[in-house]
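K.L.:
I have a structure I would like to understand better, so I am pasting it below and will then ask my questions one at a time.
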Amino acid sequence: MRRIAIAAAATVSVVVLLFSYRTSTDATPVATGRTQPSRTTSPSAAATGTAADGTFTGDAADTRYGPVQVRITVSGGRITAADAVEYPQESGRDVRINSAAVPELNQETLQAQSAQVDTVSGATYTSEGYQQSLQSAIDQAHR
């Protein structure tokens, strides 16, 4: 009987620990727009209309497969163009993945008007690097 009680207590403890485990410790501030789990958000000047007009190139974000860098054009406080000017293209696989992912990320940026764009399935590293560089470009537009 005592073994059963110990086994039950251990099982309950493990279940509680599993449910309290946080899968991400990333607390990088990202502009508001869409809600992304495990990200702390702050207002985007592009969303509030305080961004300066012009073209801004974000810092290159290093990813597992190479750097990703994004350039945005802001007009009237809104992002009117977004282009990845640098992204992994070293192998045929990189070209195949990013030829589909980059245009989708560019379009998503125009819709979201923030760095909170959806991650493209199969291009997780590129998507994460894109988000980081995009946030850097947005930050430059607010200076």
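Within each chain, counting starts at residue 1; across the structure tokens, chains are named A, B, ... in the order shown, with ligands numbered 1 upward in that order.
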Tell me which protein, DNA and RNA residues are within 10 Å of Leu134 of chain A, counting only C-alpha atoms, leaving out same-chain ones fewer than 5 positions away, and put them as a list in words.

P.N.:
Val30, Ala31, Phe56, Thr57, Gly58, Asp59, Ala60, Ala61, Val68, Gln69, Val70, Arg71, Ile72, Ala82, Asp83, Ala84, Asn106, Thr109, Ser114, Ala115, Gln116, Val117, Glu128, Gly129, Asp139 and Gln140 of chain A

K.L.:
Keeping only N, CA and C atoms, write the selected residues to a file as a PDB file, in the first residue's frame.

P.N.:
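This went into out_39.pdb:
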```pdb
ATOM      1  N   VAL A  30       9.129  42.592 -28.965  1.00  0.00           N
ATOM      2  CA  VAL A  30       8.742  42.611 -30.364  1.00  0.00           C
ATOM      3  C   VAL A  30       7.556  43.552 -30.490  1.00  0.00           C
ATOM      4  N   ALA A  31       7.430  44.204 -31.617  1.00  0.00           N
ATOM      5  CA  ALA A  31       6.321  45.134 -31.814  1.00  0.00           C
ATOM      6  C   ALA A  31       4.989  44.402 -31.773  1.00  0.00           C
ATOM      7  N   PHE A  56      14.718  51.794 -44.319  1.00  0.00           N
ATOM      8  CA  PHE A  56      15.522  51.392 -43.171  1.00  0.00           C
ATOM      9  C   PHE A  56      15.933  49.931 -43.325  1.00  0.00           C
ATOM     10  N   THR A  57      17.214  49.662 -43.123  1.00  0.00           N
ATOM     11  CA  THR A  57      17.726  48.300 -43.215  1.00  0.00           C
ATOM     12  C   THR A  57      18.075  47.814 -41.820  1.00  0.00           C
ATOM     13  N   GLY A  58      17.479  46.703 -41.429  1.00  0.00           N
ATOM     14  CA  GLY A  58      17.730  46.141 -40.112  1.00  0.00           C
ATOM     15  C   GLY A  58      19.107  45.507 -40.025  1.00  0.00           C
ATOM     16  N   ASP A  59      19.556  45.296 -38.810  1.00  0.00           N
ATOM     17  CA  ASP A  59      20.812  44.581 -38.599  1.00  0.00           C
ATOM     18  C   ASP A  59      20.647  43.150 -39.098  1.00  0.00           C
ATOM     19  N   ALA A  60      21.714  42.589 -39.629  1.00  0.00           N
ATOM     20  CA  ALA A  60      21.677  41.198 -40.063  1.00  0.00           C
ATOM     21  C   ALA A  60      21.549  40.293 -38.846  1.00  0.00           C
ATOM     22  N   ALA A  61      20.645  39.342 -38.918  1.00  0.00           N
ATOM     23  CA  ALA A  61      20.450  38.381 -37.835  1.00  0.00           C
ATOM     24  C   ALA A  61      21.106  37.064 -38.238  1.00  0.00           C
ATOM     25  N   VAL A  68      20.297  36.772 -42.087  1.00  0.00           N
ATOM     26  CA  VAL A  68      19.070  37.266 -42.707  1.00  0.00           C
ATOM     27  C   VAL A  68      19.001  38.754 -42.408  1.00  0.00           C
ATOM     28  N   GLN A  69      18.747  39.554 -43.444  1.00  0.00           N
ATOM     29  CA  GLN A  69      18.664  40.997 -43.270  1.00  0.00           C
ATOM     30  C   GLN A  69      17.468  41.527 -44.051  1.00  0.00           C
ATOM     31  N   VAL A  70      16.712  42.435 -43.413  1.00  0.00           N
ATOM     32  CA  VAL A  70      15.471  42.947 -43.983  1.00  0.00           C
ATOM     33  C   VAL A  70      15.553  44.463 -44.150  1.00  0.00           C
ATOM     34  N   ARG A  71      15.009  44.955 -45.267  1.00  0.00           N
ATOM     35  CA  ARG A  71      14.906  46.389 -45.531  1.00  0.00           C
ATOM     36  C   ARG A  71      13.420  46.718 -45.649  1.00  0.00           C
ATOM     37  N   ILE A  72      13.002  47.809 -44.981  1.00  0.00           N
ATOM     38  CA  ILE A  72      11.613  48.244 -45.075  1.00  0.00           C
ATOM     39  C   ILE A  72      11.554  49.673 -45.589  1.00  0.00           C
ATOM     40  N   ALA A  82       8.581  45.698 -47.822  1.00  0.00           N
ATOM     41  CA  ALA A  82       9.500  44.902 -47.001  1.00  0.00           C
ATOM     42  C   ALA A  82      10.208  43.918 -47.925  1.00  0.00           C
ATOM     43  N   ASP A  83      11.520  43.887 -47.826  1.00  0.00           N
ATOM     44  CA  ASP A  83      12.306  43.000 -48.675  1.00  0.00           C
ATOM     45  C   ASP A  83      13.449  42.398 -47.875  1.00  0.00           C
ATOM     46  N   ALA A  84      13.631  41.107 -48.015  1.00  0.00           N
ATOM     47  CA  ALA A  84      14.800  40.463 -47.427  1.00  0.00           C
ATOM     48  C   ALA A  84      15.950  40.675 -48.409  1.00  0.00           C
ATOM     49  N   ASN A 106       7.688  38.687 -46.566  1.00  0.00           N
ATOM     50  CA  ASN A 106       7.555  40.075 -47.013  1.00  0.00           C
ATOM     51  C   ASN A 106       6.084  40.502 -47.022  1.00  0.00           C
ATOM     52  N   THR A 109       4.609  40.871 -43.524  1.00  0.00           N
ATOM     53  CA  THR A 109       5.034  42.106 -42.876  1.00  0.00           C
ATOM     54  C   THR A 109       4.103  43.256 -43.235  1.00  0.00           C
ATOM     55  N   SER A 114       4.140  45.028 -38.362  1.00  0.00           N
ATOM     56  CA  SER A 114       4.988  44.843 -37.192  1.00  0.00           C
ATOM     57  C   SER A 114       5.935  43.682 -37.473  1.00  0.00           C
ATOM     58  N   ALA A 115       6.776  43.381 -36.492  1.00  0.00           N
ATOM     59  CA  ALA A 115       7.701  42.255 -36.631  1.00  0.00           C
ATOM     60  C   ALA A 115       7.058  40.942 -36.213  1.00  0.00           C
ATOM     61  N   GLN A 116       5.820  40.972 -35.844  1.00  0.00           N
ATOM     62  CA  GLN A 116       5.144  39.746 -35.419  1.00  0.00           C
ATOM     63  C   GLN A 116       4.483  39.077 -36.604  1.00  0.00           C
ATOM     64  N   VAL A 117       5.330  38.485 -37.428  1.00  0.00           N
ATOM     65  CA  VAL A 117       4.851  37.753 -38.592  1.00  0.00           C
ATOM     66  C   VAL A 117       4.867  36.269 -38.275  1.00  0.00           C
ATOM     67  N   GLU A 128      12.746  33.279 -38.094  1.00  0.00           N
ATOM     68  CA  GLU A 128      13.198  33.893 -36.846  1.00  0.00           C
ATOM     69  C   GLU A 128      14.217  35.002 -37.119  1.00  0.00           C
ATOM     70  N   GLY A 129      15.142  34.753 -38.034  1.00  0.00           N
ATOM     71  CA  GLY A 129      16.110  35.780 -38.409  1.00  0.00           C
ATOM     72  C   GLY A 129      15.431  36.969 -39.068  1.00  0.00           C
ATOM     73  N   ASP A 139      12.792  49.532 -35.408  1.00  0.00           N
ATOM     74  CA  ASP A 139      13.400  50.358 -34.355  1.00  0.00           C
ATOM     75  C   ASP A 139      14.133  51.560 -34.961  1.00  0.00           C
ATOM     76  N   GLN A 140      14.818  51.352 -36.072  1.00  0.00           N
ATOM     77  CA  GLN A 140      15.525  52.456 -36.726  1.00  0.00           C
ATOM     78  C   GLN A 140      14.546  53.511 -37.242  1.00  0.00           C
TER      79      GLN A 140
END
```

K.L.:
Tell me, which residues of segment 75-119 of chain A carry DSSP strand (DSSP E), written as a PyMOL selection string?

P.N.:
chain A and resi 75+78-86

K.L.:
Taking 6 positions as the minimum chain separation for residues in the same chain, which residues sit within 8 Å of segment 87-91 of chain A when counting only C-alpha atoms? Answer as a list in words.

P.N.:
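So, after excluding close chain neighbours, the residues are Tyr65, Gly66, Pro67, Val68, Gln69, Asn98 and Thr126 of chain A.
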
K.L.:
Suppose you want the space between atom CA of Arg2 of chain A and atom CA of Leu18 of chain A; what is it in Å?

P.N.:
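Pair atom CA of Arg2 of chain A / atom CA of Leu18 of chain A returns 24.5 Å.
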
K.L.:
Determine which residues of segment 52-118 of chain A DSSP labels as helix (DSSP H, G or I) from the backbone of this structure, then write them out as a PyMOL selection string.

P.N.:
chain A and resi 92-112

K.L.:
Generate a file of the selected residues that holds N, CA and C atoms, formatted as a PDB file, in the first residue's frame.

P.N.:
```pdb
ATOM      1  N   GLY A  92      21.205  24.258 -52.689  1.00  0.00           N
ATOM      2  CA  GLY A  92      19.946  24.131 -53.417  1.00  0.00           C
ATOM      3  C   GLY A  92      18.757  24.067 -52.479  1.00  0.00           C
ATOM      4  N   ARG A  93      18.977  23.444 -51.334  1.00  0.00           N
ATOM      5  CA  ARG A  93      17.897  23.349 -50.340  1.00  0.00           C
ATOM      6  C   ARG A  93      17.552  24.728 -49.793  1.00  0.00           C
ATOM      7  N   ASP A  94      18.587  25.550 -49.491  1.00  0.00           N
ATOM      8  CA  ASP A  94      18.348  26.922 -49.027  1.00  0.00           C
ATOM      9  C   ASP A  94      17.546  27.709 -50.054  1.00  0.00           C
ATOM     10  N   VAL A  95      17.949  27.607 -51.311  1.00  0.00           N
ATOM     11  CA  VAL A  95      17.268  28.338 -52.380  1.00  0.00           C
ATOM     12  C   VAL A  95      15.819  27.886 -52.490  1.00  0.00           C
ATOM     13  N   ARG A  96      15.595  26.587 -52.447  1.00  0.00           N
ATOM     14  CA  ARG A  96      14.239  26.021 -52.569  1.00  0.00           C
ATOM     15  C   ARG A  96      13.344  26.490 -51.420  1.00  0.00           C
ATOM     16  N   ILE A  97      13.860  26.412 -50.211  1.00  0.00           N
ATOM     17  CA  ILE A  97      13.067  26.798 -49.034  1.00  0.00           C
ATOM     18  C   ILE A  97      12.804  28.298 -49.025  1.00  0.00           C
ATOM     19  N   ASN A  98      13.850  29.093 -49.207  1.00  0.00           N
ATOM     20  CA  ASN A  98      13.721  30.537 -49.064  1.00  0.00           C
ATOM     21  C   ASN A  98      13.063  31.218 -50.258  1.00  0.00           C
ATOM     22  N   SER A  99      13.076  30.571 -51.424  1.00  0.00           N
ATOM     23  CA  SER A  99      12.382  31.175 -52.563  1.00  0.00           C
ATOM     24  C   SER A  99      10.871  31.202 -52.321  1.00  0.00           C
ATOM     25  N   ALA A 100      10.379  30.321 -51.482  1.00  0.00           N
ATOM     26  CA  ALA A 100       8.961  30.329 -51.121  1.00  0.00           C
ATOM     27  C   ALA A 100       8.727  31.121 -49.839  1.00  0.00           C
ATOM     28  N   ALA A 101       9.647  31.014 -48.880  1.00  0.00           N
ATOM     29  CA  ALA A 101       9.442  31.621 -47.561  1.00  0.00           C
ATOM     30  C   ALA A 101       9.600  33.135 -47.570  1.00  0.00           C
ATOM     31  N   VAL A 102      10.597  33.655 -48.248  1.00  0.00           N
ATOM     32  CA  VAL A 102      10.885  35.092 -48.199  1.00  0.00           C
ATOM     33  C   VAL A 102       9.739  35.934 -48.756  1.00  0.00           C
ATOM     34  N   PRO A 103       9.181  35.613 -49.926  1.00  0.00           N
ATOM     35  CA  PRO A 103       8.041  36.410 -50.399  1.00  0.00           C
ATOM     36  C   PRO A 103       6.850  36.352 -49.430  1.00  0.00           C
ATOM     37  N   GLU A 104       6.643  35.210 -48.815  1.00  0.00           N
ATOM     38  CA  GLU A 104       5.559  35.081 -47.838  1.00  0.00           C
ATOM     39  C   GLU A 104       5.814  35.962 -46.615  1.00  0.00           C
ATOM     40  N   LEU A 105       7.052  35.990 -46.138  1.00  0.00           N
ATOM     41  CA  LEU A 105       7.408  36.839 -44.997  1.00  0.00           C
ATOM     42  C   LEU A 105       7.279  38.326 -45.353  1.00  0.00           C
ATOM     43  N   ASN A 106       7.688  38.687 -46.566  1.00  0.00           N
ATOM     44  CA  ASN A 106       7.555  40.075 -47.013  1.00  0.00           C
ATOM     45  C   ASN A 106       6.084  40.502 -47.022  1.00  0.00           C
ATOM     46  N   GLN A 107       5.228  39.658 -47.575  1.00  0.00           N
ATOM     47  CA  GLN A 107       3.798  39.961 -47.636  1.00  0.00           C
ATOM     48  C   GLN A 107       3.177  40.013 -46.238  1.00  0.00           C
ATOM     49  N   GLU A 108       3.583  39.098 -45.399  1.00  0.00           N
ATOM     50  CA  GLU A 108       3.083  39.041 -44.026  1.00  0.00           C
ATOM     51  C   GLU A 108       3.434  40.318 -43.259  1.00  0.00           C
ATOM     52  N   THR A 109       4.609  40.871 -43.524  1.00  0.00           N
ATOM     53  CA  THR A 109       5.034  42.106 -42.876  1.00  0.00           C
ATOM     54  C   THR A 109       4.103  43.256 -43.235  1.00  0.00           C
ATOM     55  N   LEU A 110       3.728  43.346 -44.500  1.00  0.00           N
ATOM     56  CA  LEU A 110       2.837  44.418 -44.935  1.00  0.00           C
ATOM     57  C   LEU A 110       1.464  44.297 -44.280  1.00  0.00           C
ATOM     58  N   GLN A 111       1.029  43.076 -44.068  1.00  0.00           N
ATOM     59  CA  GLN A 111      -0.265  42.863 -43.425  1.00  0.00           C
ATOM     60  C   GLN A 111      -0.193  43.133 -41.928  1.00  0.00           C
ATOM     61  N   ALA A 112       0.860  42.668 -41.270  1.00  0.00           N
ATOM     62  CA  ALA A 112       0.976  42.777 -39.815  1.00  0.00           C
ATOM     63  C   ALA A 112       1.386  44.184 -39.375  1.00  0.00           C
TER      64      ALA A 112
END
```

K.L.:
Between atom CA of Thr124 of chain A and atom CA of Ala141 of chain A, measure the distance and give it in Å to one decimal.

P.N.:
25.7 Å
